[in-house]
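Inspection log for the structure reproduced underneath, given as structure tokens.
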Amino acid sequence: MRGVSIAGGLLIAVLLPLILVAAVLGGLTAATPAAAVNAAAVPALASEQLGTISAVTTDACPELPPVWVVAHVEAESGWDPAAFSRDVNGGAAGLYQLNEANWRAAGGARWPTTPPAAGSDVLQPEAHLRRAIPWVCGNLRFAFAHLRATRKPTPPLDAMLVCHIAGCGRVTDSASGVPAAGEAGCDRRCSDLVHTYIERVHALVNVFGAAAGGAAVGDLPAPAPAGEAGRGCTAADPTGGRCLSAATRHAYDEIARIFGPPGGSSVLRSAGCWDAHAWNPTSDHPQGKACDFFPTTAGRFPQGQELQNGWRLANWLRTHAAALNVSYIIWQGRIWTPGTSDVGGWGRPYTGGGVYDPSDATGGHYDHVHLSIER
């Protein structure tokens with residue numbers, strides 16, 4: 001658990017001790033569908049540890065879906081077992097980013113040094129998961145008991161995330177179980193951080209679920225071939241930019257024909273093509289060779305139908321890459337290039353290239369499908 005500075009210089013860093021609420025075991029179920037884990041879509045270390053995750057959740061916390069463990073750890077450490085982040089309490093370490101007090105409460109050994117030495121149990125993937133999952137489950141069970149007693153509307157798994165990122169006091173002292181700005185000692189920055197964190201984990205649950213990337217496109221018509229139009233930024237940009245290449249304009253028009261005009265359909269909320277991109281001059285956008293298609297509101301991690309709409313577009317573009325002269329597609333923290341094999345899921349992990357934050361909704365291309373055209 002990483003410490004996060006909030007108003008007044010306080011630190012959101014300490015979770016409640018492990019609370020085993022055996023009485024709620026019969027009533028706690030996941031409010032979000034417990035998708036099976038798509039082993040091909042998860043990080044390599046997560047795939048290696050799926051057996052451990054399944055065994056621990058089955059024995060110690062059957063109400064915690066394994067896909068939520070994978071997504072939660074990804075949000076905390078990116079599945080880097082040696083991850084360490086400093087804060088005023090010393091720091092947080094390992095897959096779940098627990099501070100030393102919480103790690104010891106989970107049954108782990110104390111840290112002789114900060115950061116923990118390479119051989120410390122908190123940095124060993126299997127040892128970490130076997131201790132941390134039951135400890136996180138304690139917060140899930142505590143949250144469930146509180147939500148049931150107070151009839152607050154927040155799903156227990158979301159409240160578990162609030163406990164992890166902001167402390168369980170934010171659950172108990174807020175009206176809904178997720179703090180709004182100005183309640184439970186949470187200012188606007190704190191509230192935004194909590195809500196963004198929940199959205200991030202939800203998005204990862206969708207990415208790592210068995211259906212991730214599996215949106216079928218066989219019912220959609222094929223695009224018309226792009227033809228041999230010349231190069232250069234010579235075509236009008238229907239999104240209001242300076243210009244597009246002929247091939248990019250053709251791809252945009254075919255997407256609008258098949259999925260409906262962006263902004264005017266329930267599939268694509270908006271689109272943007274030409275842009276100066278001063279922060280990234282090597283981008284295809286200022287060359288008129290790229291468009292971004294948003295199935296959701298910019299800055300949000302899509303869920304449900306919006307997520308499926310994005311996958312439908314991404315898979316349709318991939319299926320018809322040759323006809324549309326696709327150079328590459330970025331979507332849901334993944335990048336796909338024609339002629340390359342998938343690595344650990346759809347395409348391969350997208351790193352942001354040192355320009356974008358791949359964990360951000362926009363930087364990681366979770367809120368939009370990026371399409372680059374070869375010419």
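Residues are referred to by chain and number: the chain letter is A, B, ... according to the order shown in the structure tokens, the number counts from 1 in that chain, and ligands are numbered separately from 1 in the order shown.
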
Using only C-alpha atoms, what table do you get, as CSV, when you list each residue of segment 190-278 of chain A with an atom no more than 10 Å from segment 285-290 of chain A, its nearest pair of atoms, and their distance in Å rounded to one decimal, rows by chain then rising number?
residue,atom,partner,partner_atom,distance
A:Arg231,CA,A:Lys289,CA,9.9
A:Gly232,CA,A:Gln287,CA,7.9
A:Cys233,CA,A:Gly288,CA,5.6
A:Thr234,CA,A:Gly288,CA,8.6
A:Ala235,CA,A:Gly288,CA,8.8
A:Ala236,CA,A:Gly288,CA,9.6
A:Asp237,CA,A:Gly288,CA,8.2
A:Gly241,CA,A:Gly288,CA,8.6
A:Arg242,CA,A:Gly288,CA,8.0
A:Cys243,CA,A:Gly288,CA,5.8
A:Leu244,CA,A:Gly288,CA,4.0
A:Ser245,CA,A:Gly288,CA,5.5
A:Ala246,CA,A:Lys289,CA,8.9
A:Ala247,CA,A:Lys289,CA,7.9
A:Thr248,CA,A:Lys289,CA,5.6
A:Arg249,CA,A:Lys289,CA,8.6
A:Ala251,CA,A:Ala290,CA,9.7
A:Tyr252,CA,A:Ala290,CA,9.4
A:Gly272,CA,A:Ala290,CA,8.7
A:Cys273,CA,A:Ala290,CA,5.7
A:Trp274,CA,A:His285,CA,4.9
A:Asp275,CA,A:Pro286,CA,5.1
A:Ala276,CA,A:Pro286,CA,4.8
A:His277,CA,A:Pro286,CA,6.4
A:Ala278,CA,A:Pro286,CA,8.8

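Rounded to one decimal, atom CA of Asp158 of chain A and atom CA of Glu126 of chain A lie 24.6 Å from each other.
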
Can you check which residues of segment 34-260 of chain A DSSP gives as helix (DSSP H, G or I) on the backbone and send them as a ChimeraX atom specification?
-> /A:44-48,50-60,66-77,100-105,121-123,125-150,156-166,169-172,188-208,246-259

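Of note, atom CA of Trp316 of chain A and atom CA of Ile255 of chain A are spaced 9.3 Å apart.
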
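For Leu140 of chain A, the non-local neighbours within 10 Å, defined as residues at least 2 positions apart in the same chain or in other chains and counting only C-alpha atoms, are Leu18, Ile19, Leu20, Val21, Leu28, Cys61, Glu63, Leu64, Pro134, Trp135, Val136, Cys137, Gly138, Phe142, Ala143, Phe144, Ala145, His146, Pro156, Leu157, Asp158, Ala159, Met160, Leu161, Val162, Cys163, His164 and Cys168 of chain A.
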
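Across the model, the gap from atom CA of Leu193 of chain A to atom CA of Thr113 of chain A is 29.6 Å.
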
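Of the residues under consideration (A:Ile133, A:Ala82, A:Leu204, A:Ala55), A:Ile133 shows the shortest atom-to-atom contact distance to Ala106 of chain A when counting only C-alpha atoms.
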
Using only C-alpha atoms, which residue out of A:Asp121, A:Glu74, A:Asp360, A:Glu306 lies closest to Val267 of chain A?
-> A:Glu306
